[in-house]
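Since the structure comes first, as structure tokens, the remarks are kept for the end.
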Protein chains: 2
Amino acid sequence: MRKRFIVTIVCLSVFLGSYAQELANFRRAPIISPEIGEKTVIFRMTAPQAKLVRLYGSWMRSNDSSANMVKDTSGVWTISINKPAAEIYTYNFIVDGLNLNDANNVFVQRDGVRYLSVLLVPGDVTANYFEAGKRGNLRKVWYDSPTIGKNRRMYVYTPYGYETGNESYPVLYLLHGGGGDEDAWSTMGRACQILDNLIEKKLAVPMICVMPNGNPGQVAAKTLLLAETTYDRTDPKFTNLYINSIVKDIIPYVEKNFRAVPKPEARAVAGLSMGGGHTMSVTNEYPGTFAYICPLSMGIRDNQPDIDAKLQGIKKAGYKLYWIGCGSEDFTFAGAKLLDAALTRNGLEHTFNISGGGHTWANWRVYLNTFGKLLFK
Amino acid sequence: MRKRFIVTIVCLSVFLGSYAQELANFRRAPIISPEIGEKTVIFRMTAPQAKLVRLYGSWMRSNDSSANMVKDTSGVWTISINKPAAEIYTYNFIVDGLNLNDANNVFVQRDGVRYLSVLLVPGDVTANYFEAGKRGNLRKVWYDSPTIGKNRRMYVYTPYGYETGNESYPVLYLLHGGGGDEDAWSTMGRACQILDNLIEKKLAVPMICVMPNGNPGQVAAKTLLLAETTYDRTDPKFTNLYINSIVKDIIPYVEKNFRAVPKPEARAVAGLSMGGGHTMSVTNEYPGTFAYICPLSMGIRDNQPDIDAKLQGIKKAGYKLYWIGCGSEDFTFAGAKLLDAALTRNGLEHTFNISGGGHTWANWRVYLNTFGKLLFK
């Protein structure tokens with residue numbers, strides 16, 4: 001009797017659930033896209049009335065490289081391409097001149113205000129971008145920032161075992177770039193997966209990773225619909241706001257509310273583009289706070305008169321790692337070379353990791369996957 | 001000197017950040033959509049080559065009610081509609097027969113495998129759907145489920161003040177419906193905002209809210225690209241899997257890893273549709289575990305022979321609240337009326353909250369906003 005009742009209820013539930021799902025899907029054909037094969041990737045899109053459907057993917061050189069798709073009798077457009085090298089790509093369809101995401105692909109990322117269909121091609125480069133076996137947790141945390149005058153949101157990754165253990169961990173402060181927010185590193189950056197995998201493979205030490213919002217005008221990502229403050233960005237007060245808040249608000253919050261080791265040698269800071277600038281600023285202004293310093297896709301200007309004094313400050317305070325990552329095609333490469341030269345000139349041991357490619361998440365993921373192994377050792 | 005250096009670095013950062021953002025946006029016109037006015041909402045979409053662009057919103061009766069938009073000389077299609085009643089709606093554009101989201105609206109929700117543009121119209125009904133002043137945190141948590149044989153993901157909301165205080169809290173287990181996953185209640189359901197607002201206004205007691213994944217074949221939401229298990233859904237073993245895992249795996253994890261009061265009177269379970277079935281099953285099978293029982297948009301069948309015995313079991317074990325929520329247009333309404341009758345027949349005090357409308361998130365949000373005030377009092 002008991003079993004029969006449960007079966008009935010659950011069958012009813014499943015039926016009604018399926019019904020709702022079918023209601024939701026009835027306009028969409030049950031097609032698979034993208035279909036990743038051994039040597040090809042097939043994309044499909046339903047557009048019976050369209051005259052011309054093209055595919056553009058970030059593995060192509062430019063929008064002009066987009067490729068024609070072919071329509072079958074059911075109105076489904078298809079294209080099979082040679083599988084690009086292992087990487088995370090974004091792509092879209094161009095339907096009679098209009099950009100569309102892939103309605104059949106649930107893997108979507110937000111880049112600032114845009115939502116992008118994602119293609120993850122498996123291989124060596126992307127091995128750590130998939131879910132590991134042992135996974136850390138991710139918290140969306142609200143904290144007070146008296147420095148900025150707002151209650152703000154950040155993401156905090158805690159490694160596998162954090163909840164069940166007692167030990168304290170070092171902390172990586174991981175900063176996003178312009179147009180990004182606290183969501184960027186854990187989505188486009190695959191930070192949780194990369195750290196999970198590195199830690200599981202014993203290539204990195206278990207660490208906490210803090211991903212704040214680097215736009216002091218924002219309380220949180222725009223998706224939360226909260227009002228934003230406009231700052232005069234040339235005002236020095238604005239300039240200092242965020243980097244001061246990292247040291248005065250964020251670090252104390254993290255070291256109070258998490259089992260974080262409250263020592264410079266247990267603090268790393270890394271960031272890309274604007275976040276690379278933040279990384280340099282916060283370590284220049286607060287030497288001795290972070291022992292691990294990793295600016296990515298960012299550098300200095302030719303005529304920065306006090307760079308030597310700042311770097312001497314870091315040298316004097318002591319540090320364990322200064323690791324620059326930049327692509328040879330990155331528009332910040334010249335600045336990164338100047339930073340490299342300034343570090344050399346001032347006698348600061350450092351690594352200048354020059355990769356191919358430009359100002360892209362493909363590079364930033366690889367950089368995290370690389371310097372992540374060097375932290376706190 | 002110090003200031004000048006920071007200004008330089010940060011200006012450079014901002015410049016490069018802006019540059020990246022502009023690169024990202026250069027193909028999109030700077031148009032605002034949706035623009036919510038006092039009496040109207042204006043939608044805009046760029047589609048210079050399109051012949052016919054229509055707007056469909058969930059406030060309309062059906063897809064046939066979609067309304068024509070008008071193109072201006074710059075290729076932007078516009079429509080101004082009378083502002084619908086306060087609610088969260090989804091909408092899309094229909095461009096020459098093709099459904100498109102609003103590329104200018106960053107507010108997007110995922111419903112199963114579909115991404116939907118969202119319109120949030122302010123008003124009394126939606127007052128608690130916006131961010132509160134004091135906000136709780138949300139954790140994406142991995143836990144072991146020996147019952148299901150998987151390490152699985154769930155979301156756990158902790159109320160404002162949880163991190164800084166010492167007290168223990170009651171727990172609401174909040175279950176999603178068919179086609180949903182652990183993400184559904186915190187996105188479409190606005191559960192964090194509703195609880196934040198109710199708690200801030202002292203209409204609800206501070207509580208933890210646990211949102212598990214109700215599909216035992218899944219490790220986590222499909223967005224994580226993890227392999228799924230296929231079950232024979234008519235197999236009683238499958239039937240019991242998830243509800244057993246709630247009691248045997250999830251509750252112990254929560255009461256071990258969070259400051260949760262480990263007592264029946266500090267446990268509530270609520271769920272919609274399939275999750276309403278789960279709510280009934282888990283309380284029927286484990287009477288006395290949850291003192292607060294809230295099935296939403298779900299009921300029983302006409303010929304369920306052991307329902308009386310089950311409800312007598314709940315009555316005997318004791319409970320504080322049995323709260324049914326259902327819309328008069330919901331296809332589960334007949335079943336909900338049968339449940340209401342069965343509770344009455346068996347002498348179980350309960351509330352049958354009959355609303356207008358059907359099987360919709362509009363109703364489920366209102367239900368949470370209603371029964372949330374009654375829990376743990």
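Identifiers in the structure tokens: chain A, B, ... in order shown; residue index from 1 per chain; ligand index from 1 in order shown.
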
Contact residues around A:Gly214 with only C-alpha atoms at 9 Å, ignoring same-chain residues under 5 positions, as an MDAnalysis selection string: chainID A and resid 175:178 180:182 242:243 274:275 278

Could you please take those selected residues and save all heavy atoms as a PDB file, in the first residue's frame?
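Listing of result14.pdb after writing:
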ATOM      1  N   LEU A 175      40.829  39.285  -9.288  1.00  0.00           N
ATOM      2  CA  LEU A 175      40.139  40.510  -9.706  1.00  0.00           C
ATOM      3  C   LEU A 175      39.784  40.482 -11.195  1.00  0.00           C
ATOM      4  O   LEU A 175      40.600  40.070 -12.025  1.00  0.00           O
ATOM      5  CB  LEU A 175      41.031  41.708  -9.386  1.00  0.00           C
ATOM      6  CG  LEU A 175      41.664  41.725  -7.974  1.00  0.00           C
ATOM      7  CD1 LEU A 175      42.530  42.976  -7.794  1.00  0.00           C
ATOM      8  CD2 LEU A 175      40.618  41.620  -6.878  1.00  0.00           C
ATOM      9  N   HIS A 176      38.602  40.950 -11.513  1.00  0.00           N
ATOM     10  CA  HIS A 176      38.116  40.930 -12.906  1.00  0.00           C
ATOM     11  C   HIS A 176      38.540  42.192 -13.656  1.00  0.00           C
ATOM     12  O   HIS A 176      39.115  43.118 -13.087  1.00  0.00           O
ATOM     13  CB  HIS A 176      36.596  40.787 -12.921  1.00  0.00           C
ATOM     14  CG  HIS A 176      35.886  41.954 -12.299  1.00  0.00           C
ATOM     15  ND1 HIS A 176      35.679  43.140 -12.970  1.00  0.00           N
ATOM     16  CD2 HIS A 176      35.362  42.140 -11.070  1.00  0.00           C
ATOM     17  CE1 HIS A 176      35.048  43.993 -12.177  1.00  0.00           C
ATOM     18  NE2 HIS A 176      34.847  43.408 -11.004  1.00  0.00           N
ATOM     19  N   GLY A 177      38.199  42.226 -14.937  1.00  0.00           N
ATOM     20  CA  GLY A 177      38.566  43.355 -15.782  1.00  0.00           C
ATOM     21  C   GLY A 177      37.410  44.306 -16.070  1.00  0.00           C
ATOM     22  O   GLY A 177      36.316  44.169 -15.511  1.00  0.00           O
ATOM     23  N   GLY A 178      37.650  45.281 -16.919  1.00  0.00           N
ATOM     24  CA  GLY A 178      36.626  46.260 -17.277  1.00  0.00           C
ATOM     25  C   GLY A 178      35.441  45.586 -17.948  1.00  0.00           C
ATOM     26  O   GLY A 178      35.610  44.696 -18.774  1.00  0.00           O
ATOM     27  N   GLY A 180      33.487  43.651 -16.487  1.00  0.00           N
ATOM     28  CA  GLY A 180      33.152  42.462 -15.705  1.00  0.00           C
ATOM     29  C   GLY A 180      32.593  42.823 -14.351  1.00  0.00           C
ATOM     30  O   GLY A 180      32.381  43.999 -14.025  1.00  0.00           O
ATOM     31  N   ASP A 181      32.348  41.819 -13.545  1.00  0.00           N
ATOM     32  CA  ASP A 181      31.892  42.025 -12.174  1.00  0.00           C
ATOM     33  C   ASP A 181      32.251  40.785 -11.361  1.00  0.00           C
ATOM     34  O   ASP A 181      33.011  39.931 -11.829  1.00  0.00           O
ATOM     35  CB  ASP A 181      30.392  42.365 -12.121  1.00  0.00           C
ATOM     36  CG  ASP A 181      29.545  41.363 -12.871  1.00  0.00           C
ATOM     37  OD1 ASP A 181      29.718  40.143 -12.630  1.00  0.00           O
ATOM     38  OD2 ASP A 181      28.726  41.767 -13.711  1.00  0.00           O
ATOM     39  N   GLU A 182      31.701  40.669 -10.157  1.00  0.00           N
ATOM     40  CA  GLU A 182      32.074  39.586  -9.241  1.00  0.00           C
ATOM     41  C   GLU A 182      31.768  38.191  -9.795  1.00  0.00           C
ATOM     42  O   GLU A 182      32.252  37.190  -9.269  1.00  0.00           O
ATOM     43  CB  GLU A 182      31.399  39.791  -7.871  1.00  0.00           C
ATOM     44  CG  GLU A 182      29.884  39.550  -7.816  1.00  0.00           C
ATOM     45  CD  GLU A 182      29.064  40.786  -8.163  1.00  0.00           C
ATOM     46  OE1 GLU A 182      29.571  41.666  -8.889  1.00  0.00           O
ATOM     47  OE2 GLU A 182      27.891  40.867  -7.711  1.00  0.00           O
ATOM     48  N   TYR A 242      38.463  51.626  -4.598  1.00  0.00           N
ATOM     49  CA  TYR A 242      38.387  50.167  -4.652  1.00  0.00           C
ATOM     50  C   TYR A 242      39.610  49.496  -4.038  1.00  0.00           C
ATOM     51  O   TYR A 242      39.482  48.552  -3.256  1.00  0.00           O
ATOM     52  CB  TYR A 242      38.160  49.704  -6.090  1.00  0.00           C
ATOM     53  CG  TYR A 242      38.131  48.208  -6.227  1.00  0.00           C
ATOM     54  CD1 TYR A 242      37.241  47.434  -5.477  1.00  0.00           C
ATOM     55  CD2 TYR A 242      38.985  47.542  -7.094  1.00  0.00           C
ATOM     56  CE1 TYR A 242      37.212  46.057  -5.588  1.00  0.00           C
ATOM     57  CE2 TYR A 242      38.963  46.166  -7.213  1.00  0.00           C
ATOM     58  CZ  TYR A 242      38.078  45.431  -6.462  1.00  0.00           C
ATOM     59  OH  TYR A 242      38.052  44.062  -6.565  1.00  0.00           O
ATOM     60  N   ILE A 243      40.810  49.995  -4.370  1.00  0.00           N
ATOM     61  CA  ILE A 243      41.990  49.309  -3.812  1.00  0.00           C
ATOM     62  C   ILE A 243      42.055  49.491  -2.297  1.00  0.00           C
ATOM     63  O   ILE A 243      42.455  48.585  -1.574  1.00  0.00           O
ATOM     64  CB  ILE A 243      43.314  49.704  -4.505  1.00  0.00           C
ATOM     65  CG1 ILE A 243      43.628  51.171  -4.307  1.00  0.00           C
ATOM     66  CG2 ILE A 243      43.305  49.335  -5.976  1.00  0.00           C
ATOM     67  CD1 ILE A 243      45.103  51.459  -4.482  1.00  0.00           C
ATOM     68  N   MET A 274      41.876  45.653 -16.234  1.00  0.00           N
ATOM     69  CA  MET A 274      41.630  46.601 -15.142  1.00  0.00           C
ATOM     70  C   MET A 274      42.010  45.981 -13.798  1.00  0.00           C
ATOM     71  O   MET A 274      42.579  46.646 -12.927  1.00  0.00           O
ATOM     72  CB  MET A 274      40.159  47.022 -15.136  1.00  0.00           C
ATOM     73  CG  MET A 274      39.800  48.008 -14.026  1.00  0.00           C
ATOM     74  SD  MET A 274      38.046  48.505 -14.064  1.00  0.00           S
ATOM     75  CE  MET A 274      37.265  47.126 -13.211  1.00  0.00           C
ATOM     76  N   GLY A 275      41.714  44.703 -13.632  1.00  0.00           N
ATOM     77  CA  GLY A 275      42.066  44.001 -12.399  1.00  0.00           C
ATOM     78  C   GLY A 275      43.575  43.802 -12.253  1.00  0.00           C
ATOM     79  O   GLY A 275      44.079  43.643 -11.133  1.00  0.00           O
ATOM     80  N   HIS A 278      44.487  47.046 -10.837  1.00  0.00           N
ATOM     81  CA  HIS A 278      44.177  47.005  -9.402  1.00  0.00           C
ATOM     82  C   HIS A 278      45.232  46.202  -8.639  1.00  0.00           C
ATOM     83  O   HIS A 278      45.613  46.559  -7.523  1.00  0.00           O
ATOM     84  CB  HIS A 278      42.797  46.384  -9.174  1.00  0.00           C
ATOM     85  CG  HIS A 278      41.660  47.234  -9.670  1.00  0.00           C
ATOM     86  ND1 HIS A 278      40.497  46.703 -10.175  1.00  0.00           N
ATOM     87  CD2 HIS A 278      41.508  48.576  -9.752  1.00  0.00           C
ATOM     88  CE1 HIS A 278      39.674  47.683 -10.532  1.00  0.00           C
ATOM     89  NE2 HIS A 278      40.263  48.829 -10.288  1.00  0.00           N
TER      90      HIS A 278
END

Counting only C-alpha atoms, chain A residues within 6 Å of chain B, as a ChimeraX atom specification: /A:13,17,21,106-107,113,137-141,178-179,223,274,277

Near-stretch 201-210 of chain B list (8 Å; only C-alpha atoms; drop same-chain fewer than 5 positions) as an MDAnalysis selection string: chainID B and resid 154:160 169:174 195 260 372:377

Write the residues of the preceding selection, restricted to C-alpha atoms, as an mmCIF file, in the first residue's frame.
data_model
loop_
_atom_site.group_PDB
_atom_site.id
_atom_site.type_symbol
_atom_site.label_atom_id
_atom_site.label_comp_id
_atom_site.auth_asym_id
_atom_site.auth_seq_id
_atom_site.Cartn_x
_atom_site.Cartn_y
_atom_site.Cartn_z
ATOM 1 C CA MET B 154 22.282 22.302 -3.645
ATOM 2 C CA TYR B 155 21.865 25.981 -2.784
ATOM 3 C CA VAL B 156 21.710 27.134 0.806
ATOM 4 C CA TYR B 157 20.486 30.584 1.768
ATOM 5 C CA THR B 158 21.596 31.898 5.152
ATOM 6 C CA PRO B 159 19.807 34.944 6.551
ATOM 7 C CA TYR B 160 21.391 38.335 7.173
ATOM 8 C CA TYR B 169 18.050 28.860 12.818
ATOM 9 C CA PRO B 170 15.069 26.868 11.586
ATOM 10 C CA VAL B 171 15.299 25.524 8.040
ATOM 11 C CA LEU B 172 12.929 25.689 5.089
ATOM 12 C CA TYR B 173 13.519 22.954 2.492
ATOM 13 C CA LEU B 174 12.246 24.481 -0.734
ATOM 14 C CA LEU B 195 13.036 35.872 2.485
ATOM 15 C CA ALA B 260 20.345 24.663 12.125
ATOM 16 C CA GLY B 372 6.860 32.298 4.650
ATOM 17 C CA LYS B 373 5.230 34.517 7.291
ATOM 18 C CA LEU B 374 3.621 31.521 8.989
ATOM 19 C CA LEU B 375 6.683 29.335 9.461
ATOM 20 C CA PHE B 376 8.321 28.598 12.801
ATOM 21 C CA LYS B 377 5.890 30.680 14.843
#

In stretch 201-357 of chain A, DSSP helix (DSSP H, G or I) residues written as an MDAnalysis selection string: chainID A and resid 222:224 236:257 264:266 274:285 307:317 333:345

Residue nearest B:Gly149 - candidates B:Ile324, B:Val269, B:Met45, B:Leu241, atoms counted: only C-alpha atoms: B:Leu241

Residues of stretch 219-356 of chain A in strand (DSSP E), written as a PyMOL selection string: chain A and resi 267-272+292-296+321-327+351-355

Given only C-alpha atoms as the counted atoms, nearest of A:Glu167, A:Asp64, A:Glu87, A:Glu228 to A:Trp361: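 Selected residue with least distance to A:Trp361: A:Glu87.
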
Option closest in space to A:Val53, from A:Ile79, A:Ile94, A:Ile31, A:Val247 [counting only C-alpha atoms]: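 With only C-alpha atoms as the atom set, the closest residue is A:Ile94.
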
Among the residues B:Val76, B:Val254, B:Val366, B:Met60, the one that comes closest to B:Ala127 [using only C-alpha atoms]: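 Among the listed residues, B:Val366 lies closest to B:Ala127.
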
Selection: 10 Å around B:Tyr89, only C-alpha atoms, excl. self and same-chain fewer than 6 positions, as JSON, numbers by chain: {"B": [57, 58, 59, 60, 116, 117, 118, 119, 120, 121, 361, 362]}

Include all heavy atoms and write out the residues we just selected as a short mmCIF file (atom, residue, chain, number, x, y, z; two decimals), in the first residue's frame.
data_model
loop_
_atom_site.label_atom_id
_atom_site.label_comp_id
_atom_site.auth_asym_id
_atom_site.auth_seq_id
_atom_site.Cartn_x
_atom_site.Cartn_y
_atom_site.Cartn_z
N GLY B 57 4.81 38.85 -24.69
CA GLY B 57 5.11 38.86 -23.26
C GLY B 57 4.17 37.95 -22.53
O GLY B 57 3.04 37.71 -22.97
N SER B 58 4.63 37.45 -21.38
CA SER B 58 3.82 36.48 -20.64
C SER B 58 2.59 37.12 -20.01
O SER B 58 1.74 36.42 -19.47
CB SER B 58 4.67 35.78 -19.57
OG SER B 58 5.17 36.72 -18.64
N TRP B 59 2.47 38.46 -20.10
CA TRP B 59 1.25 39.11 -19.65
C TRP B 59 0.15 39.02 -20.70
O TRP B 59 -1.00 39.34 -20.42
CB TRP B 59 1.52 40.59 -19.31
CG TRP B 59 2.05 41.37 -20.48
CD1 TRP B 59 1.31 42.04 -21.43
CD2 TRP B 59 3.41 41.53 -20.86
NE1 TRP B 59 2.14 42.61 -22.37
CE2 TRP B 59 3.45 42.32 -22.03
CE3 TRP B 59 4.62 41.10 -20.30
CZ2 TRP B 59 4.64 42.67 -22.66
CZ3 TRP B 59 5.80 41.44 -20.94
CH2 TRP B 59 5.81 42.22 -22.09
N MET B 60 0.52 38.57 -21.91
CA MET B 60 -0.49 38.41 -22.96
C MET B 60 -1.16 37.04 -22.81
O MET B 60 -0.60 36.14 -22.21
CB MET B 60 0.17 38.52 -24.34
CG MET B 60 0.80 39.87 -24.61
SD MET B 60 1.71 39.86 -26.20
CE MET B 60 2.42 41.51 -26.21
N LEU B 116 15.37 33.34 -20.73
CA LEU B 116 14.25 34.22 -20.99
C LEU B 116 14.55 35.64 -20.54
O LEU B 116 15.07 35.85 -19.44
CB LEU B 116 13.02 33.72 -20.20
CG LEU B 116 12.61 32.26 -20.41
CD1 LEU B 116 11.64 31.82 -19.32
CD2 LEU B 116 11.97 32.10 -21.79
N SER B 117 14.20 36.62 -21.37
CA SER B 117 14.29 38.02 -20.95
C SER B 117 13.20 38.30 -19.92
O SER B 117 12.08 37.81 -20.06
CB SER B 117 14.09 38.94 -22.16
OG SER B 117 15.22 38.89 -23.00
N VAL B 118 13.56 39.08 -18.92
CA VAL B 118 12.65 39.30 -17.80
C VAL B 118 12.26 40.77 -17.70
O VAL B 118 13.09 41.66 -17.86
CB VAL B 118 13.30 38.85 -16.48
CG1 VAL B 118 12.35 39.06 -15.30
CG2 VAL B 118 13.72 37.39 -16.56
N LEU B 119 10.99 41.00 -17.42
CA LEU B 119 10.47 42.33 -17.12
C LEU B 119 9.91 42.31 -15.71
O LEU B 119 8.99 41.54 -15.42
CB LEU B 119 9.35 42.71 -18.12
CG LEU B 119 8.57 44.00 -17.79
CD1 LEU B 119 9.44 45.23 -17.99
CD2 LEU B 119 7.30 44.09 -18.64
N LEU B 120 10.50 43.13 -14.84
CA LEU B 120 10.01 43.20 -13.46
C LEU B 120 9.27 44.54 -13.30
O LEU B 120 9.91 45.59 -13.28
CB LEU B 120 11.19 43.10 -12.47
CG LEU B 120 10.90 42.66 -11.04
CD1 LEU B 120 12.16 42.52 -10.22
CD2 LEU B 120 9.89 43.51 -10.30
N VAL B 121 7.96 44.48 -13.20
CA VAL B 121 7.16 45.70 -13.04
C VAL B 121 6.97 45.96 -11.55
O VAL B 121 6.43 45.11 -10.83
CB VAL B 121 5.79 45.58 -13.74
CG1 VAL B 121 4.97 46.85 -13.54
CG2 VAL B 121 5.97 45.29 -15.23
N TRP B 361 5.03 30.63 -11.97
CA TRP B 361 5.93 31.20 -10.97
C TRP B 361 5.30 32.42 -10.30
O TRP B 361 5.61 32.73 -9.14
CB TRP B 361 7.28 31.57 -11.58
CG TRP B 361 8.21 30.40 -11.62
CD1 TRP B 361 8.59 29.67 -12.72
CD2 TRP B 361 8.87 29.79 -10.50
NE1 TRP B 361 9.44 28.65 -12.34
CE2 TRP B 361 9.64 28.70 -11.00
CE3 TRP B 361 8.89 30.05 -9.13
CZ2 TRP B 361 10.42 27.89 -10.16
CZ3 TRP B 361 9.67 29.25 -8.30
CH2 TRP B 361 10.41 28.18 -8.82
N ALA B 362 4.43 33.13 -11.02
CA ALA B 362 3.74 34.27 -10.40
C ALA B 362 3.05 33.80 -9.13
O ALA B 362 3.14 34.43 -8.07
CB ALA B 362 2.75 34.88 -11.39
#

Interatomic distance (Å, one decimal) between atom CA of B:Phe93 and atom CA of A:Ala227: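 Separation of atom CA of B:Phe93 and atom CA of A:Ala227: 26.6 Å.
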